[in-house]
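The data block below is protein14.csv; it holds CSV, C-alpha atoms and all ligand atoms.
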```
chain,number,residue,atom,x,y,z
A,21,MET,CA,52.8,22.4,94.0
A,22,ILE,CA,55.4,21.7,96.6
A,23,GLY,CA,55.0,18.1,97.8
A,24,ALA,CA,52.9,17.1,94.8
A,25,PRO,CA,54.1,13.9,93.0
A,26,GLY,CA,57.5,14.6,91.4
A,27,ASN,CA,58.0,17.8,93.4
A,28,PRO,CA,60.1,18.2,96.5
A,29,THR,CA,58.2,18.4,99.9
A,30,LEU,CA,58.7,21.3,102.2
A,31,VAL,CA,60.6,18.9,104.5
A,32,GLN,CA,63.0,18.2,101.7
A,33,LEU,CA,63.4,21.9,100.9
A,34,ARG,CA,64.0,22.6,104.6
A,35,ARG,CA,67.1,20.5,104.4
A,36,CYS,CA,68.6,22.6,101.7
A,37,THR,CA,71.3,25.1,102.6
A,38,VAL,CA,71.5,27.0,99.4
A,39,ALA,CA,68.9,28.2,96.9
A,40,VAL,CA,69.8,29.2,93.3
A,41,ASP,CA,68.0,31.0,90.5
A,42,LEU,CA,70.0,30.6,87.3
A,43,GLY,CA,68.5,33.2,84.9
A,44,ALA,CA,69.5,34.1,81.4
A,45,ALA,CA,70.4,37.6,82.6
A,46,ARG,CA,71.2,37.2,86.3
A,47,THR,CA,72.3,34.5,88.8
A,48,ARG,CA,71.0,34.8,92.3
A,49,VAL,CA,72.0,32.8,95.3
A,50,TYR,CA,70.3,32.7,98.8
A,51,LEU,CA,72.1,31.0,101.7
A,52,ARG,CA,70.0,29.6,104.5
A,53,GLY,CA,70.5,31.7,107.7
A,54,THR,CA,72.2,34.5,105.7
A,55,GLY,CA,69.8,35.6,102.9
A,56,LEU,CA,70.6,36.8,99.4
A,57,VAL,CA,74.3,36.6,99.0
A,58,ALA,CA,74.8,37.1,95.2
A,59,ASP,CA,72.9,38.8,92.4
A,60,GLU,CA,75.2,39.0,89.4
A,61,PRO,CA,74.9,39.0,85.6
A,62,SER,CA,75.1,35.4,84.3
A,63,VAL,CA,78.2,36.2,82.3
A,64,ALA,CA,81.8,34.8,82.2
A,65,ALA,CA,84.8,36.1,80.2
A,66,VAL,CA,87.3,33.5,79.1
A,67,ASP,CA,90.8,33.8,77.5
A,68,ILE,CA,90.4,31.3,74.6
A,69,ARG,CA,94.2,30.9,74.2
A,70,THR,CA,94.6,29.5,77.7
A,71,GLY,CA,91.1,28.6,78.8
A,72,ALA,CA,91.5,30.8,81.9
A,73,LEU,CA,88.5,32.6,83.4
A,74,ILE,CA,89.2,36.3,83.3
A,75,ALA,CA,86.1,37.8,84.9
A,76,VAL,CA,82.5,36.8,85.9
A,77,GLY,CA,79.3,38.7,86.7
A,78,ALA,CA,79.2,42.5,86.4
A,79,ASN,CA,82.9,42.7,85.4
A,80,ALA,CA,82.5,40.2,82.6
A,81,GLU,CA,79.3,42.0,81.4
A,82,GLN,CA,81.2,45.3,81.1
A,83,MET,CA,83.6,43.5,78.7
A,84,ALA,CA,80.8,42.4,76.3
A,85,GLY,CA,81.3,44.0,72.9
A,86,ARG,CA,84.6,45.5,73.9
A,87,THR,CA,87.0,42.5,73.9
A,88,PRO,CA,90.0,41.7,71.8
A,89,GLU,CA,89.8,38.5,69.7
A,90,HIS,CA,91.2,36.1,72.2
A,91,ILE,CA,88.6,36.9,74.9
A,92,ARG,CA,85.2,35.3,74.7
A,93,VAL,CA,82.3,36.6,76.7
A,94,ALA,CA,80.0,33.6,77.5
A,95,ARG,CA,76.4,33.5,78.7
A,96,PRO,CA,76.0,29.9,80.0
A,97,VAL,CA,72.2,30.3,80.7
A,98,ALA,CA,69.8,31.0,77.8
A,99,GLY,CA,66.1,30.5,77.3
A,100,GLY,CA,65.5,29.4,80.9
A,101,ALA,CA,68.1,26.6,80.7
A,102,VAL,CA,71.8,26.1,81.5
A,103,VAL,CA,73.3,25.6,78.0
A,104,ASP,CA,76.9,25.3,79.0
A,105,ILE,CA,77.2,23.3,82.3
A,106,ALA,CA,80.9,23.6,82.7
A,107,MET,CA,80.9,27.3,82.2
A,108,ALA,CA,77.9,27.8,84.5
A,109,GLN,CA,79.8,25.9,87.2
A,110,ARG,CA,82.9,28.0,86.8
A,111,MET,CA,80.8,31.2,86.9
A,112,LEU,CA,78.9,30.1,90.0
A,113,ARG,CA,82.0,29.0,91.8
A,114,HIS,CA,83.5,32.5,91.3
A,115,ILE,CA,80.3,34.4,92.0
A,116,LEU,CA,80.0,32.6,95.3
A,117,GLY,CA,83.7,32.9,96.1
A,118,ASP,CA,84.4,31.9,99.7
A,119,LYS,CA,80.7,32.3,100.7
A,120,LEU,CA,79.9,28.7,99.7
A,121,GLY,CA,83.4,27.4,100.4
A,122,ARG,CA,83.0,28.0,104.1
A,123,ARG,CA,79.5,26.6,104.1
A,124,ARG,CA,80.6,23.5,102.2
A,125,LEU,CA,83.2,22.7,104.9
A,126,ARG,CA,80.6,22.9,107.6
A,127,VAL,CA,77.9,21.0,105.6
A,128,PRO,CA,79.6,18.1,103.8
A,129,MET,CA,76.3,16.9,102.3
A,130,MET,CA,75.2,20.2,100.7
A,131,ARG,CA,71.6,20.2,99.4
A,132,ALA,CA,70.6,22.8,97.0
A,133,ALA,CA,67.2,24.1,95.8
A,134,VAL,CA,67.0,25.4,92.3
A,135,CYS,CA,64.1,27.0,90.4
A,136,THR,CA,63.4,26.0,86.8
A,137,PRO,CA,60.9,27.7,84.4
A,138,HIS,CA,57.4,26.2,84.3
A,139,GLY,CA,57.1,23.4,81.8
A,140,SER,CA,60.9,23.1,81.2
A,141,GLU,CA,62.1,20.1,79.3
A,142,PRO,CA,63.7,17.1,81.3
A,143,ILE,CA,67.1,17.9,79.7
A,144,ALA,CA,66.9,21.5,81.0
A,145,ARG,CA,66.0,20.2,84.5
A,146,ARG,CA,68.9,17.7,84.3
A,147,ALA,CA,71.3,20.5,83.3
A,148,ALA,CA,70.3,22.5,86.4
A,149,VAL,CA,70.9,19.4,88.6
A,150,GLU,CA,74.3,18.6,87.0
A,151,THR,CA,75.4,22.2,87.4
A,152,MET,CA,74.8,22.0,91.2
A,153,TYR,CA,76.4,18.6,91.5
A,154,GLY,CA,79.6,20.1,90.0
A,155,LEU,CA,79.6,22.6,92.9
A,156,GLY,CA,79.5,19.9,95.5
A,157,ALA,CA,75.7,19.4,96.0
A,158,ARG,CA,74.8,15.9,97.0
A,159,ARG,CA,71.1,16.4,96.3
A,160,VAL,CA,69.2,19.0,94.3
A,161,GLU,CA,65.5,19.9,94.7
A,162,LEU,CA,63.9,21.5,91.7
A,163,VAL,CA,61.0,24.0,92.3
A,164,ASP,CA,58.8,25.6,89.6
A,165,THR,CA,59.8,29.2,89.2
A,166,LEU,CA,56.1,30.3,89.2
A,167,ILE,CA,55.6,28.7,92.6
A,168,ALA,CA,58.8,30.2,94.0
A,169,ALA,CA,57.9,33.6,92.6
A,170,ALA,CA,54.4,33.5,94.0
A,171,VAL,CA,55.7,32.6,97.4
A,172,GLY,CA,58.3,35.4,97.1
A,173,CYS,CA,55.6,37.9,96.3
A,174,GLY,CA,53.7,36.9,99.4
A,175,LEU,CA,50.7,35.9,97.4
A,176,PRO,CA,48.1,33.9,99.3
A,177,VAL,CA,48.7,30.9,97.1
A,178,GLU,CA,47.2,28.4,99.5
A,179,HIS,CA,43.8,30.1,99.7
A,180,PRO,CA,40.8,28.8,97.7
A,181,GLU,CA,40.7,32.0,95.6
A,182,ALA,CA,42.7,32.5,92.4
A,183,THR,CA,45.8,34.6,92.1
A,184,MET,CA,47.6,35.3,88.8
A,185,ILE,CA,51.3,35.8,88.5
A,186,VAL,CA,53.3,36.9,85.5
A,187,VAL,CA,57.1,36.5,85.7
A,188,CYS,CA,58.7,38.5,82.9
A,189,GLY,CA,62.4,37.7,82.9
A,190,ALA,CA,65.1,38.3,80.3
A,191,GLY,CA,64.5,35.3,78.0
A,192,THR,CA,61.1,34.0,79.1
A,193,THR,CA,57.8,35.1,80.5
A,194,GLN,CA,55.8,32.7,82.6
A,195,VAL,CA,52.1,33.1,83.4
A,196,ALA,CA,50.1,31.1,85.9
A,197,VAL,CA,46.9,31.1,87.9
A,198,LEU,CA,47.2,29.5,91.3
A,199,SER,CA,44.7,28.3,93.7
A,200,LEU,CA,44.9,26.1,96.8
A,201,GLY,CA,48.6,25.9,96.5
A,202,SER,CA,48.6,24.5,93.0
A,203,ILE,CA,49.0,25.8,89.4
A,204,VAL,CA,45.5,25.7,87.8
A,205,ALA,CA,46.7,26.8,84.4
A,206,ALA,CA,50.1,28.1,83.2
A,207,GLU,CA,52.0,29.0,80.1
A,208,THR,CA,55.6,29.9,79.3
A,209,VAL,CA,56.6,32.0,76.2
A,210,PRO,CA,60.1,32.7,75.0
A,211,VAL,CA,59.7,36.4,75.2
A,212,GLY,CA,61.2,38.7,77.9
A,213,GLY,CA,63.1,41.9,78.3
A,214,ASP,CA,65.8,40.8,75.8
A,215,ALA,CA,63.2,40.4,73.0
A,216,ILE,CA,61.9,43.9,73.8
A,217,ASP,CA,65.4,45.4,73.6
A,218,ARG,CA,66.1,43.6,70.3
A,219,ALA,CA,62.9,45.0,68.9
A,220,VAL,CA,64.0,48.6,69.8
A,221,VAL,CA,67.4,48.0,68.3
A,222,GLN,CA,65.9,46.6,65.1
A,223,HIS,CA,63.4,49.5,64.8
A,224,LEU,CA,66.2,52.1,65.0
A,225,ARG,CA,68.2,50.1,62.4
A,226,ASN,CA,65.3,49.9,60.0
A,227,ALA,CA,63.8,53.3,60.5
A,228,HIS,CA,66.9,55.4,61.1
A,229,GLU,CA,69.8,53.2,59.9
A,230,LEU,CA,71.3,53.6,63.3
A,231,MET,CA,73.1,51.0,65.4
A,232,LEU,CA,72.2,51.5,69.0
A,233,PRO,CA,74.7,50.5,71.8
A,234,SER,CA,73.1,48.1,74.2
A,235,GLN,CA,73.4,50.5,77.2
A,236,SER,CA,71.4,53.1,75.3
A,237,VAL,CA,68.3,50.9,75.0
A,238,ARG,CA,67.1,51.2,78.6
A,239,PRO,CA,66.4,55.0,78.6
A,240,LEU,CA,64.0,54.3,75.6
A,241,HIS,CA,61.9,51.8,77.6
A,242,GLN,CA,59.9,54.7,79.1
A,243,MET,CA,58.4,55.3,75.7
A,244,LEU,CA,56.3,52.1,76.3
A,245,GLY,CA,54.2,53.9,78.9
A,246,ALA,CA,54.2,57.3,77.2
A,247,PRO,CA,50.8,58.8,76.6
A,248,GLY,CA,49.2,58.1,73.1
A,249,SER,CA,50.2,59.9,70.0
A,250,GLY,CA,49.0,63.4,70.6
A,251,GLY,CA,51.5,65.3,68.5
A,252,THR,CA,54.7,63.4,67.7
A,253,PRO,CA,57.1,63.7,70.7
A,254,THR,CA,60.7,62.9,69.8
A,255,THR,CA,63.8,62.0,71.7
A,256,GLU,CA,67.5,62.4,70.6
A,257,VAL,CA,69.3,59.1,70.4
A,258,HIS,CA,73.1,58.6,69.8
A,259,GLY,CA,74.5,55.7,67.9
A,260,ARG,CA,76.5,54.6,64.9
A,261,ASP,CA,75.5,55.0,61.3
A,262,VAL,CA,74.8,51.5,59.8
A,263,VAL,CA,76.5,52.4,56.5
A,264,SER,CA,79.4,54.7,57.4
A,265,GLY,CA,80.0,53.4,60.9
A,266,MET,CA,80.4,57.0,62.1
A,267,ALA,CA,78.8,58.4,65.3
A,268,ARG,CA,75.5,60.0,64.6
A,269,SER,CA,72.4,61.3,66.5
A,270,VAL,CA,68.8,61.0,65.3
A,271,LEU,CA,65.5,62.3,66.6
A,272,VAL,CA,63.3,59.2,67.3
A,273,GLU,CA,59.5,59.3,67.4
A,274,THR,CA,58.0,57.9,70.6
A,275,GLU,CA,55.2,56.2,68.7
A,276,GLY,CA,57.5,54.1,66.5
A,277,VAL,CA,59.5,52.9,69.5
A,278,ARG,CA,56.4,52.1,71.5
A,279,HIS,CA,55.0,50.1,68.5
A,280,ALA,CA,58.2,48.2,68.2
A,281,MET,CA,58.2,47.3,72.0
A,282,ARG,CA,54.6,46.3,71.9
A,283,THR,CA,55.1,43.8,69.1
A,284,PRO,CA,56.9,41.1,71.1
A,285,LEU,CA,54.7,41.9,74.1
A,286,THR,CA,51.6,40.6,72.2
A,287,ALA,CA,52.9,37.1,72.9
A,288,VAL,CA,52.8,37.9,76.7
A,289,VAL,CA,49.2,39.3,76.4
A,290,ASP,CA,48.3,36.1,74.4
A,291,ALA,CA,49.7,33.9,77.1
A,292,ILE,CA,47.7,35.8,79.8
A,293,THR,CA,44.4,35.4,77.8
A,294,GLY,CA,45.3,31.8,77.0
A,295,VAL,CA,45.8,31.0,80.7
A,296,LEU,CA,42.5,32.7,81.6
A,297,ARG,CA,40.7,30.7,78.9
A,298,HIS,CA,41.8,27.5,80.7
A,299,CYS,CA,40.6,28.6,84.1
A,300,PRO,CA,37.2,27.8,85.6
A,301,PRO,CA,34.8,30.8,85.5
A,302,ASP,CA,34.7,31.3,89.3
A,303,LEU,CA,38.5,31.7,89.4
A,304,VAL,CA,38.4,34.2,86.5
A,305,ALA,CA,35.8,36.2,88.5
A,306,ASP,CA,38.2,36.4,91.5
A,307,LEU,CA,41.0,37.6,89.2
A,308,GLY,CA,38.9,40.4,87.9
A,309,ASP,CA,39.1,41.9,91.4
A,310,ARG,CA,42.5,40.8,92.5
A,311,GLY,CA,44.3,41.3,89.2
A,312,ILE,CA,47.7,40.3,88.1
A,313,MET,CA,50.9,40.3,90.1
A,314,LEU,CA,53.8,41.3,87.8
A,315,ALA,CA,57.3,40.0,88.7
A,316,GLY,CA,60.7,39.3,87.1
A,317,GLY,CA,63.3,41.9,86.2
A,318,SER,CA,61.3,43.2,83.2
A,319,ALA,CA,58.5,44.3,85.6
A,320,LEU,CA,60.9,47.2,86.4
A,321,MET,CA,60.3,48.4,82.8
A,322,PRO,CA,58.4,51.7,83.2
A,323,GLY,CA,55.0,51.4,81.6
A,324,LEU,CA,54.8,47.6,81.3
A,325,ASP,CA,52.2,47.4,84.0
A,326,LEU,CA,50.1,50.1,82.4
A,327,MET,CA,50.4,48.4,79.0
A,328,LEU,CA,49.3,45.0,80.4
A,329,ARG,CA,46.4,46.8,82.3
A,330,GLN,CA,45.2,48.3,79.1
A,331,ALA,CA,45.6,45.1,77.1
A,332,THR,CA,43.9,42.8,79.7
A,333,ASP,CA,41.5,45.2,81.4
A,334,MET,CA,42.6,43.8,84.7
A,335,PRO,CA,44.4,45.5,87.7
A,336,VAL,CA,48.2,45.0,87.5
A,337,HIS,CA,50.4,45.2,90.6
A,338,VAL,CA,54.2,45.2,90.5
A,339,ALA,CA,55.8,43.1,93.2
A,340,ASP,CA,58.3,44.7,95.7
A,341,ARG,CA,61.8,44.0,94.3
A,342,PRO,CA,60.2,42.0,91.4
A,343,ASP,CA,63.6,40.9,90.1
A,344,VAL,CA,64.5,38.8,93.1
A,345,VAL,CA,61.1,37.3,94.1
A,346,ALA,CA,61.8,33.8,92.8
A,347,VAL,CA,65.0,33.4,94.8
A,348,GLN,CA,63.4,35.0,97.8
A,349,GLY,CA,60.5,32.5,97.6
A,350,LEU,CA,63.0,29.6,97.4
A,351,GLY,CA,64.8,31.2,100.4
A,352,ALA,CA,61.5,31.3,102.4
A,353,MET,CA,61.0,27.6,101.6
A,354,ILE,CA,64.5,26.5,102.7
A,355,GLU,CA,64.2,28.6,105.8
A,356,GLY,CA,61.0,26.8,106.7
A,357,ARG,CA,58.9,30.0,106.5
A,358,VAL,CA,56.3,28.4,104.3
A,359,ARG,CA,53.6,26.5,106.1
A,360,PRO,CA,52.5,23.2,104.5
A,361,LEU,CA,49.0,23.2,103.1
A,362,LEU,CA,46.9,20.6,104.9
A,363,LEU,CA,43.9,19.3,103.0
A,364,ASP,CA,42.9,16.5,105.3
A,365,PRO,CA,39.8,14.6,104.5
A,366,LEU,CA,36.9,15.7,106.8
A,367,THR,CA,36.0,13.1,109.4
A,368,VAL,CA,32.3,12.7,110.5
A,401,LIG,N1,65.1,48.9,85.6
A,401,LIG,C1,64.8,48.2,84.5
A,401,LIG,N2,64.2,48.7,83.5
A,401,LIG,C2,63.9,47.9,82.4
A,401,LIG,N3,64.2,46.6,82.3
A,401,LIG,C3,64.9,46.1,83.3
A,401,LIG,C4,65.2,46.8,84.5
A,401,LIG,N4,65.9,46.0,85.3
A,401,LIG,C5,66.0,44.8,84.6
A,401,LIG,N5,65.4,44.8,83.4
A,401,LIG,C6,65.3,43.8,82.4
A,401,LIG,O1,64.9,42.6,83.1
A,401,LIG,C7,65.5,41.5,82.4
A,401,LIG,C8,66.1,40.6,83.5
A,401,LIG,O2,65.1,40.1,84.3
A,401,LIG,P1,65.5,38.9,85.3
A,401,LIG,O3,66.6,39.3,86.2
A,401,LIG,O4,64.2,38.5,85.9
A,401,LIG,O5,66.0,37.9,84.3
A,401,LIG,P2,66.5,36.4,84.5
A,401,LIG,O6,65.8,35.8,85.7
A,401,LIG,O7,67.9,36.3,84.4
A,401,LIG,O8,65.9,35.8,83.1
A,401,LIG,P3,65.0,34.5,82.8
A,401,LIG,O9,64.1,34.3,84.0
A,401,LIG,O10,64.3,34.8,81.5
A,401,LIG,O11,66.0,33.4,82.6
A,401,LIG,C9,66.5,42.0,81.4
A,401,LIG,O12,65.9,41.9,80.1
A,401,LIG,C10,66.6,43.5,81.8
A,401,LIG,O13,66.8,44.3,80.7
A,402,MG,MG,64.3,34.5,86.0
```

Could the structure of this file be written out as structure tokens, please?
Ligand SMILES: Nc1ncnc2c1ncn2[C@@H]1O[C@H](COP(=O)(O)OP(=O)(O)OP(=O)(O)O)[C@@H](O)[C@H]1O
Ligand SMILES: [Mg+2]
Amino acid sequence: MIGAPGNPTLVQLRRCTVAVDLGAARTRVYLRGTGLVADEPSVAAVDIRTGALIAVGANAEQMAGRTPEHIRVARPVAGGAVVDIAMAQRMLRHILGDKLGRRRLRVPMMRAAVCTPHGSEPIARRAAVETMYGLGARRVELVDTLIAAAVGCGLPVEHPEATMIVVCGAGTTQVAVLSLGSIVAAETVPVGGDAIDRAVVQHLRNAHELMLPSQSVRPLHQMLGAPGSGGTPTTEVHGRDVVSGMARSVLVETEGVRHAMRTPLTAVVDAITGVLRHCPPDLVADLGDRGIMLAGGSALMPGLDLMLRQATDMPVHVADRPDVVAVQGLGAMIEGRVRPLLLDPLTV
């Protein structure tokens, strides 16, 4: 937890002026005293002839799949880690624009707090630190995303009863049980909203020989929570024929799409049961009543909470603004809104 060996203390976090969550899908930035100042896709478009940056964030994301040969759309964050430090720095510098510039002049020794996925490799942690150094940070405090998200959800993490959090992002899902301010058991699996989207695209390709444009996947998400297969409800989907390349529409059966979406989600259910197996029985009993707090952008997928409820037999609550809880939790820490947990030895 915060303040445990190797982790920053609340005092160190309180000295940070900026908090950053660099996700595979989105980059979010919180400035102390201001709040959330940026929430943009982690995407940059570059002209490979000149090396010039053409667009970042939402503008660059719109270009994906529609660019001429000389423009490359880069995603510098993948699988919970910065994979292209230089590109991540350029992207962040533009996303922040003058917001950080003014702050940097006022605070020459900028300190930054960054959240990294639970159990991330030292090289991934180093990449997050290097990225922030390139933006002028003199010190970087790394916080476990699970702790940041639990704080951001307002979970009573410092109480002696268990809380379970599942953070389902784009590239990873992290699961933890917390008690007395510490992680009791946790697991990270490389499955998130992107894997679910890929499963839907693959299903339409195999079953209907249809290539689905990426923006057409989201409306199909609601099939995950559709009621069981009474009859065979179908939906019309527009795409491109795999063989001829011509535009074509097909009627897609809900059951097939739901099955395709559930396949990658078995890894998430396995992670939840795995974490529960590693918990002391008293804490598991608490969780039976309190249930699971579901966060991360993929928590917005309609029906994911219902599916997890059915698969785990536990209550599932979706956090308010589940997509930004991690950066909001980091924000609460740098604002000093998180009280330290005092476990002083009793004196007799
Ligand atoms: N309204 C929505 N309906 C369905 N899925 C959604 C919705 N909003 C976001 N998502 C999905 O949530 C994912 C992004 O979540 P989030 O912003 O937590 O990712 P991230 O933090 O960038 O990724 P990671 O933590 O894995 O690095 C994407 O896969 C996106 O498709
Ligand atoms: Mg994330």

Inset, instruction - Have a look at A:Val277, A:Ile143, A:Ser234, A:Asp340 and name the one nearest to A:Gly85; count only C-alpha atoms. - result: A:Ser234

Legend entry - Pick from A:Leu307, A:Ile216, A:His223, A:Ser264, whichever lies nearest to A:Met321 using all atoms listed in the file: A:Ile216

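Using all atoms listed in the file, the nearest neighbour of ligand LIG 401 (chain A) within the list A:Thr183, A:Thr54, A:Ser318, A:Thr283 is A:Ser318.
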
Inset, instruction - Determine the nearest neighbour of A:Gly201 from the options A:Arg341, A:His279, A:Arg268, A:His179, counting only C-alpha atoms. - result: A:His179

Inset, instruction - Go through the chains and note each residue within 7 Å of ligand MG 402 (chain A), using only C-alpha atoms and all ligand atoms, then give the set as a ChimeraX atom specification. - result: /A:41,43-44,189-190,316

Legend entry - From A:Pro88, A:Pro322, A:Pro61, A:Pro233, residue lying nearest A:Arg278 [only C-alpha atoms]: A:Pro322

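You will find atom CA of A:Ile292 at 10.7 Å from atom CA of A:Met334.
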
Legend entry - Test item: residues lying within 7 Å of ligand LIG 401 (chain A) with only C-alpha atoms and all ligand atoms, as an MDAnalysis selection string: chainID A and resid 42:47 98:100 188:193 212:214 238 241 316:322 343

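Atom pair atom CA of A:Asp302 / atom CA of A:Ala182: separated by 8.7 Å.
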
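Counting from atom CA of A:Leu198, the distance to atom CA of A:Leu326 is 22.6 Å.
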
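With distances taken over all atoms listed in the file, A:Ile185 is the one residue among A:Glu273, A:Ile74, A:Ile185, A:Glu229 lying closest to A:Ala170.
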
Legend entry - Shell around A:Arg92 at 9 Å using all atoms listed in the file, local window under 5 positions removed, as a list in words: Ala64, Ala65, Val66, Asp67, Ile68, Ala84 and Thr87 of chain A
